[in-house]
>>> print(open('input_29.txt').read())   # compact mmCIF, C-alpha atoms
# COMPACT_ATOMS: atom_id res chain seq x y z
CA MET A 178 -28.80 0.89 -61.80
CA ALA A 179 -26.99 3.39 -63.98
CA ALA A 180 -23.83 5.48 -64.07
CA THR A 181 -24.21 6.43 -60.40
CA ALA A 182 -24.02 2.76 -59.41
CA ASP A 183 -20.93 2.25 -61.52
CA ALA A 184 -19.30 5.24 -59.86
CA LEU A 185 -20.03 3.82 -56.42
CA LEU A 186 -18.75 0.40 -57.44
CA GLU A 187 -15.41 1.95 -58.35
CA ALA A 188 -14.65 1.67 -54.64
CA VAL A 189 -13.81 -1.96 -55.46
CA THR A 190 -13.56 -2.17 -59.26
CA ALA A 191 -10.73 0.38 -59.37
CA ALA A 192 -8.38 -1.93 -57.43
CA PRO A 193 -9.63 -5.54 -57.36
CA ALA A 194 -6.33 -6.81 -55.95
CA GLU A 195 -7.03 -4.75 -52.82
CA ALA A 196 -10.73 -5.61 -52.49
CA GLY A 197 -12.88 -8.21 -50.77
CA ILE A 198 -16.44 -9.12 -51.82
CA PHE A 199 -18.68 -10.25 -48.92
CA LEU A 200 -22.13 -11.61 -49.72
CA ASP A 201 -25.05 -12.94 -47.73
CA PHE A 202 -26.75 -16.04 -49.14
CA ASP A 203 -30.52 -16.01 -48.52
CA GLY A 204 -32.19 -13.00 -50.10
CA VAL A 205 -28.98 -11.87 -51.84
CA LEU A 206 -27.49 -14.75 -53.83
CA ALA A 207 -30.51 -17.06 -53.49
CA PRO A 208 -34.18 -15.99 -53.51
CA ILE A 209 -36.23 -16.42 -50.35
CA VAL A 210 -38.37 -19.51 -50.92
CA GLU A 211 -41.22 -21.31 -49.19
CA ARG A 212 -38.87 -23.85 -47.56
CA PRO A 213 -35.30 -22.82 -46.58
CA GLU A 214 -33.97 -26.22 -47.65
CA ASP A 215 -35.03 -25.43 -51.24
CA ALA A 216 -32.93 -22.26 -51.54
CA TYR A 217 -30.22 -22.25 -54.22
CA PRO A 218 -28.60 -19.49 -56.27
CA PRO A 219 -29.37 -19.46 -59.99
CA PRO A 220 -26.68 -20.91 -62.29
CA ALA A 221 -25.89 -17.42 -63.59
CA ALA A 222 -24.99 -16.28 -60.06
CA ARG A 223 -22.61 -19.23 -59.69
CA GLY A 224 -20.96 -18.21 -62.93
CA GLU A 225 -20.51 -14.66 -61.72
CA LEU A 226 -19.02 -15.85 -58.43
CA ALA A 227 -16.46 -17.93 -60.31
CA ARG A 228 -15.55 -14.91 -62.41
CA LEU A 229 -15.26 -12.65 -59.37
CA ARG A 230 -13.11 -15.26 -57.59
CA ASP A 231 -10.56 -14.94 -60.39
CA ARG A 232 -10.69 -11.15 -60.43
CA TYR A 233 -10.76 -10.08 -56.77
CA ALA A 234 -8.41 -10.75 -53.88
CA LEU A 235 -11.18 -12.36 -51.83
CA VAL A 236 -14.77 -13.46 -52.38
CA ALA A 237 -16.67 -14.70 -49.33
CA VAL A 238 -20.20 -15.85 -48.55
CA VAL A 239 -21.00 -14.97 -44.93
CA SER A 240 -24.29 -16.60 -44.04
CA GLY A 241 -26.54 -17.50 -41.17
CA ARG A 242 -26.60 -21.05 -42.53
CA GLY A 243 -23.96 -23.57 -41.55
CA GLY A 244 -20.78 -23.13 -43.55
CA ASP A 245 -20.86 -26.65 -45.04
CA ASP A 246 -24.50 -26.17 -45.99
CA VAL A 247 -23.95 -22.90 -47.82
CA ARG A 248 -20.79 -24.24 -49.50
CA ALA A 249 -22.80 -27.13 -50.92
CA ARG A 250 -25.60 -24.83 -52.06
CA VAL A 251 -23.31 -22.34 -53.82
CA GLY A 252 -21.00 -25.01 -55.22
CA VAL A 253 -18.17 -22.70 -56.30
CA GLU A 254 -14.67 -23.72 -55.25
CA GLY A 255 -12.02 -21.20 -54.29
CA ILE A 256 -14.21 -18.77 -52.39
CA VAL A 257 -14.51 -18.50 -48.60
CA TYR A 258 -17.62 -19.73 -46.78
CA VAL A 259 -18.34 -18.61 -43.22
CA GLY A 260 -21.51 -19.89 -41.57
CA SER A 261 -23.59 -19.35 -38.44
CA HIS A 262 -23.39 -15.55 -38.70
CA GLY A 263 -19.59 -15.62 -38.35
CA LEU A 264 -19.63 -17.82 -35.26
CA GLU A 265 -17.65 -20.50 -37.08
CA LEU A 266 -14.56 -18.27 -36.87
CA ASP A 267 -14.88 -17.97 -33.07
CA PRO A 268 -13.39 -20.92 -31.15
CA ASN A 269 -15.37 -19.88 -28.05
CA ALA A 270 -18.64 -20.60 -29.85
CA GLU A 271 -17.99 -24.32 -30.30
CA ARG A 272 -18.63 -25.16 -26.64
CA TRP A 273 -22.24 -23.93 -27.04
CA ARG A 274 -23.06 -26.37 -29.87
CA GLN A 275 -24.70 -29.01 -27.67
CA GLN A 276 -26.71 -26.46 -25.68
CA ILE A 277 -27.98 -24.95 -28.93
CA ALA A 278 -29.04 -28.40 -30.16
CA THR A 279 -30.76 -29.18 -26.85
CA PHE A 280 -32.63 -25.87 -26.92
CA ALA A 281 -33.81 -26.56 -30.49
CA SER A 282 -35.07 -30.04 -29.65
CA GLY A 283 -37.01 -28.80 -26.61
CA ALA A 284 -38.54 -25.69 -28.16
CA PRO A 285 -42.35 -25.72 -28.52
CA TRP A 286 -42.24 -24.81 -32.22
CA PRO A 287 -43.10 -26.92 -35.27
CA GLN A 288 -40.13 -29.00 -36.35
CA ARG A 289 -40.68 -28.15 -40.01
CA GLU A 290 -40.25 -24.46 -39.12
CA THR A 291 -37.20 -25.01 -36.89
CA GLU A 292 -33.84 -24.85 -38.62
CA LEU A 293 -30.81 -26.01 -36.59
CA LYS A 294 -27.64 -24.56 -38.11
CA GLY A 295 -25.02 -26.10 -35.84
CA LEU A 296 -24.14 -23.01 -33.82
CA SER A 297 -27.49 -21.24 -34.17
CA ILE A 298 -31.20 -21.93 -34.59
CA SER A 299 -33.79 -20.26 -36.78
CA PHE A 300 -37.45 -20.43 -35.76
CA HIS A 301 -39.36 -19.42 -38.90
CA PHE A 302 -42.87 -17.95 -38.87
CA ARG A 303 -43.28 -16.89 -42.52
CA HIS A 304 -46.10 -19.38 -43.00
CA HIS A 305 -47.78 -19.09 -39.63
CA PRO A 306 -51.54 -18.46 -40.10
CA ASP A 307 -51.54 -15.75 -37.40
CA GLU A 308 -48.33 -13.74 -37.51
CA ARG A 309 -49.16 -11.65 -34.45
CA GLU A 310 -49.73 -14.80 -32.40
CA ALA A 311 -46.53 -16.32 -33.79
CA VAL A 312 -44.49 -13.30 -32.70
CA ARG A 313 -46.03 -13.44 -29.24
CA GLU A 314 -45.12 -17.11 -28.87
CA LEU A 315 -41.62 -16.53 -30.19
CA GLU A 316 -41.10 -13.58 -27.82
CA GLU A 317 -41.75 -16.03 -24.98
CA LEU A 318 -39.27 -18.44 -26.55
CA ALA A 319 -36.75 -15.60 -26.83
CA GLU A 320 -37.09 -14.89 -23.11
CA ARG A 321 -36.51 -18.54 -22.36
CA ALA A 322 -33.36 -18.49 -24.51
CA LYS A 323 -32.06 -15.44 -22.67
CA ASP A 324 -32.76 -17.13 -19.32
CA GLU A 325 -30.51 -19.96 -20.49
CA GLY A 326 -27.70 -17.54 -21.34
CA LEU A 327 -28.30 -17.46 -25.09
CA VAL A 328 -28.87 -14.53 -27.45
CA ALA A 329 -32.20 -14.16 -29.27
CA ARG A 330 -33.04 -11.69 -32.03
CA PHE A 331 -35.70 -11.28 -34.69
CA GLY A 332 -34.96 -11.07 -38.41
CA ARG A 333 -37.02 -11.42 -41.59
CA LYS A 334 -39.93 -13.62 -40.42
CA VAL A 335 -37.57 -15.50 -38.11
CA LEU A 336 -36.33 -15.64 -34.54
CA GLU A 337 -32.66 -16.58 -34.30
CA VAL A 338 -31.02 -18.01 -31.19
CA LEU A 339 -27.22 -17.91 -30.90
CA PRO A 340 -24.39 -18.33 -28.38
CA PRO A 341 -23.44 -15.22 -26.35
CA VAL A 342 -19.89 -14.92 -27.67
CA GLY A 343 -19.91 -11.51 -29.35
CA SER A 344 -18.98 -12.80 -32.81
CA ASN A 345 -21.16 -11.90 -35.78
CA LYS A 346 -21.01 -11.27 -39.49
CA GLY A 347 -19.15 -8.05 -38.79
CA THR A 348 -16.34 -9.69 -36.84
CA ALA A 349 -16.06 -12.29 -39.60
CA VAL A 350 -15.77 -9.63 -42.32
CA ARG A 351 -13.22 -7.67 -40.29
CA HIS A 352 -11.16 -10.79 -39.62
CA LEU A 353 -11.09 -11.78 -43.27
CA LEU A 354 -10.12 -8.27 -44.37
CA ASP A 355 -7.33 -8.04 -41.83
CA VAL A 356 -5.89 -11.49 -42.54
CA ALA A 357 -5.82 -10.75 -46.27
CA GLY A 358 -4.55 -7.19 -45.77
CA LEU A 359 -7.30 -5.63 -47.86
CA SER A 360 -8.37 -1.99 -47.85
CA ARG A 361 -11.50 -2.11 -50.02
CA ALA A 362 -14.77 -3.99 -49.62
CA LEU A 363 -18.20 -4.60 -51.05
CA VAL A 364 -20.72 -6.00 -48.56
CA ALA A 365 -24.22 -7.09 -49.55
CA GLY A 366 -27.06 -8.12 -47.24
CA ASP A 367 -30.80 -8.09 -46.75
CA ASP A 368 -31.50 -8.55 -43.04
CA THR A 369 -30.76 -7.41 -39.50
CA THR A 370 -27.64 -9.54 -39.03
CA ASP A 371 -26.07 -7.93 -42.10
CA LEU A 372 -25.95 -4.61 -40.25
CA ASP A 373 -22.96 -5.96 -38.33
CA ALA A 374 -21.17 -6.61 -41.62
CA PHE A 375 -22.08 -3.13 -42.90
CA ARG A 376 -20.70 -1.50 -39.75
CA ALA A 377 -17.51 -3.55 -39.94
CA VAL A 378 -16.35 -1.54 -42.95
CA ASP A 379 -17.28 1.91 -41.59
CA ASP A 380 -13.62 2.88 -41.33
CA LEU A 381 -12.68 1.92 -44.90
CA GLU A 382 -12.29 4.84 -47.29
CA HIS A 383 -13.17 2.62 -50.23
CA ARG A 384 -16.33 0.66 -49.52
CA VAL A 385 -19.74 0.01 -50.98
CA ARG A 386 -22.53 -1.55 -48.95
CA VAL A 387 -25.46 -2.95 -50.88
CA ALA A 388 -28.87 -3.34 -49.23
CA VAL A 389 -31.00 -5.86 -51.12
CA LEU A 390 -34.35 -4.86 -49.68
CA ALA A 391 -37.57 -6.81 -49.31
CA PRO A 392 -40.71 -5.41 -47.66
CA GLU A 393 -39.72 -6.93 -44.29
CA SER A 394 -36.06 -5.86 -44.42
CA PRO A 395 -35.02 -3.44 -41.65
CA GLN A 396 -34.96 0.22 -42.69
CA LEU A 397 -31.62 0.60 -40.91
CA LEU A 398 -30.03 -1.49 -43.64
CA ALA A 399 -30.87 1.12 -46.26
CA GLU A 400 -29.62 3.90 -43.98
CA HIS A 401 -26.21 2.21 -43.74
CA ALA A 402 -25.94 1.42 -47.48
CA GLU A 403 -24.34 3.24 -50.36
CA LEU A 404 -26.51 1.29 -52.82
CA VAL A 405 -30.11 0.21 -52.25
CA LEU A 406 -31.72 -2.41 -54.49
CA THR A 407 -35.42 -3.22 -54.40
CA GLY A 408 -35.50 -5.77 -57.22
CA GLY A 409 -34.34 -8.75 -55.18
CA THR A 410 -31.78 -11.32 -56.19
CA LEU A 411 -32.22 -10.73 -59.93
CA GLU A 412 -31.29 -7.08 -59.59
CA PHE A 413 -28.35 -8.07 -57.40
CA LEU A 414 -27.19 -10.48 -60.10
CA GLU A 415 -27.14 -7.55 -62.53
CA LEU A 416 -24.94 -5.68 -60.05
CA LEU A 417 -22.52 -8.63 -59.84
CA ARG A 418 -22.11 -8.42 -63.60
CA ARG A 419 -20.85 -4.85 -63.21
CA LEU A 420 -18.01 -5.82 -60.87
>>> encode(input="input_29.txt", output="structure tokens")
Amino acid sequence: MAATADALLEAVTAAPAEAGIFLDFDGVLAPIVERPEDAYPPPAARGELARLRDRYALVAVVSGRGGDDVRARVGVEGIVYVGSHGLELDPNAERWRQQIATFASGAPWPQRETELKGLSISFHFRHHPDEREAVRELEELAERAKDEGLVARFGRKVLEVLPPVGSNKGTAVRHLLDVAGLSRALVAGDDTTDLDAFRAVDDLEHRVRVAVLAPESPQLLAEHAELVLTGGTLEFLELLRRL
């Protein structure tokens, strides 16, 4: 990152009182690890979040994890946490909680690779010995989810199953911007579900979308970003220090 990055970041740094910072957790604030339950941001990232909280009108972590889970993992008070890909802001999603739990418990997938997040489920296959076979099995599971009225989509080495309510990270970002009356935004993500958040700020004149890319990240993310990082969470931490 050099002067060009600083110029792009002026979309938010020029008027912090008018700007919201929206960050994914896994792969952006916290490195992707062997076991999802072991993911935490480094202490330096927590320090930067506390600084940004005091500088900007709004700082939010919008994650696929449950909101309480990601709040505990970040551990910074005074910022907004929205979990389950934004579903936690949709009252219509709550009625699907039991069906989601029932689907998770009955799915023919190893329990250690099944992550129930309250309003969504992640079926991980990062460590499956035969990835092609894993995808085939999960495609069958995705069809079963759709037959039961649920939504299924693939992300970074994961199949996610969610309620069919139309809410996503994008609707969460838009809601938070509108409620706070903000006209500027930085959005950072690394996976398919972050595309919704990127698109949510299309109409803002002052925006910067940051794609934190890994080899399995979708190419579309880079195509929708003003800034593309390939150095993972450490490079993103350096970007936070510039805000």
>>> closest_residue(input="input_29.txt", among="A:Leu416, A:Ala196, A:Ala322, A:Ala207", to="Leu235 (chain A)", atoms="only C-alpha atoms")
A:Ala196
>>> atom_distance(input="input_29.txt", atom1="CA of Phe375 (chain A)", atom2="CA of Glu187 (chain A)")
17.6 Å
>>> residues_around(input="input_29.txt", residues="region 349-361 of chain A", least_positions_apart="5", cutoff="7 Å", atoms="only C-alpha atoms", output="number ranges by chain")
A: 188-189, 195-197, 263, 266, 374, 377, 381, 383-384
>>> atom_distance(input="input_29.txt", atom1="CA of Thr370 (chain A)", atom2="CA of Phe280 (chain A)")
20.9 Å
>>> atom_distance(input="input_29.txt", atom1="CA of Glu271 (chain A)", atom2="CA of Leu296 (chain A)")
7.2 Å
>>> closest_residue(input="input_29.txt", among="A:Gln396, A:Asn345, A:Thr181, A:Thr291", to="Ala278 (chain A)", atoms="only C-alpha atoms")
A:Thr291
>>> residues_around(input="input_29.txt", residues="region 246-259 of chain A", least_positions_apart="2", cutoff="9 Å", atoms="only C-alpha atoms", output="MDAnalysis selection string")
chainID A and resid 202 206:207 216:218 222:224 226:227 230:231 235:244 261:266 294 346 349
>>> residues_near_point(input="input_29.txt", point="(-22.8, -8.2, -51.1)", cutoff="6 Å", atoms="all atoms listed in the file", output="compact mmCIF listing (two decimals) with C-alpha atoms, in the frame of the given file")
# COMPACT_ATOMS: atom_id res chain seq x y z
CA PHE A 199 -18.68 -10.25 -48.92
CA LEU A 200 -22.13 -11.61 -49.72
CA LEU A 363 -18.20 -4.60 -51.05
CA VAL A 364 -20.72 -6.00 -48.56
CA ALA A 365 -24.22 -7.09 -49.55
CA GLY A 366 -27.06 -8.12 -47.24
CA VAL A 387 -25.46 -2.95 -50.88
>>> residues_around(input="input_29.txt", residues="Lys323 (chain A)", least_positions_apart="2", cutoff="12 Å", atoms="all atoms listed in the file", output="list in words")
Phe280, Glu316, Glu317, Leu318, Ala319, Glu320, Arg321, Glu325, Gly326, Leu327, Val328, Ala329, Arg330, Glu337, Val338, Leu339, Pro340 and Pro341 of chain A
>>> closest_residue(input="input_29.txt", among="A:Ala362, A:Pro219, A:Glu314, A:Arg418", to="Ala194 (chain A)", atoms="only C-alpha atoms")
A:Ala362
>>> closest_residue(input="input_29.txt", among="A:Ala399, A:Ala221, A:Ala311, A:Val335", to="Glu292 (chain A)", atoms="only C-alpha atoms")
A:Val335
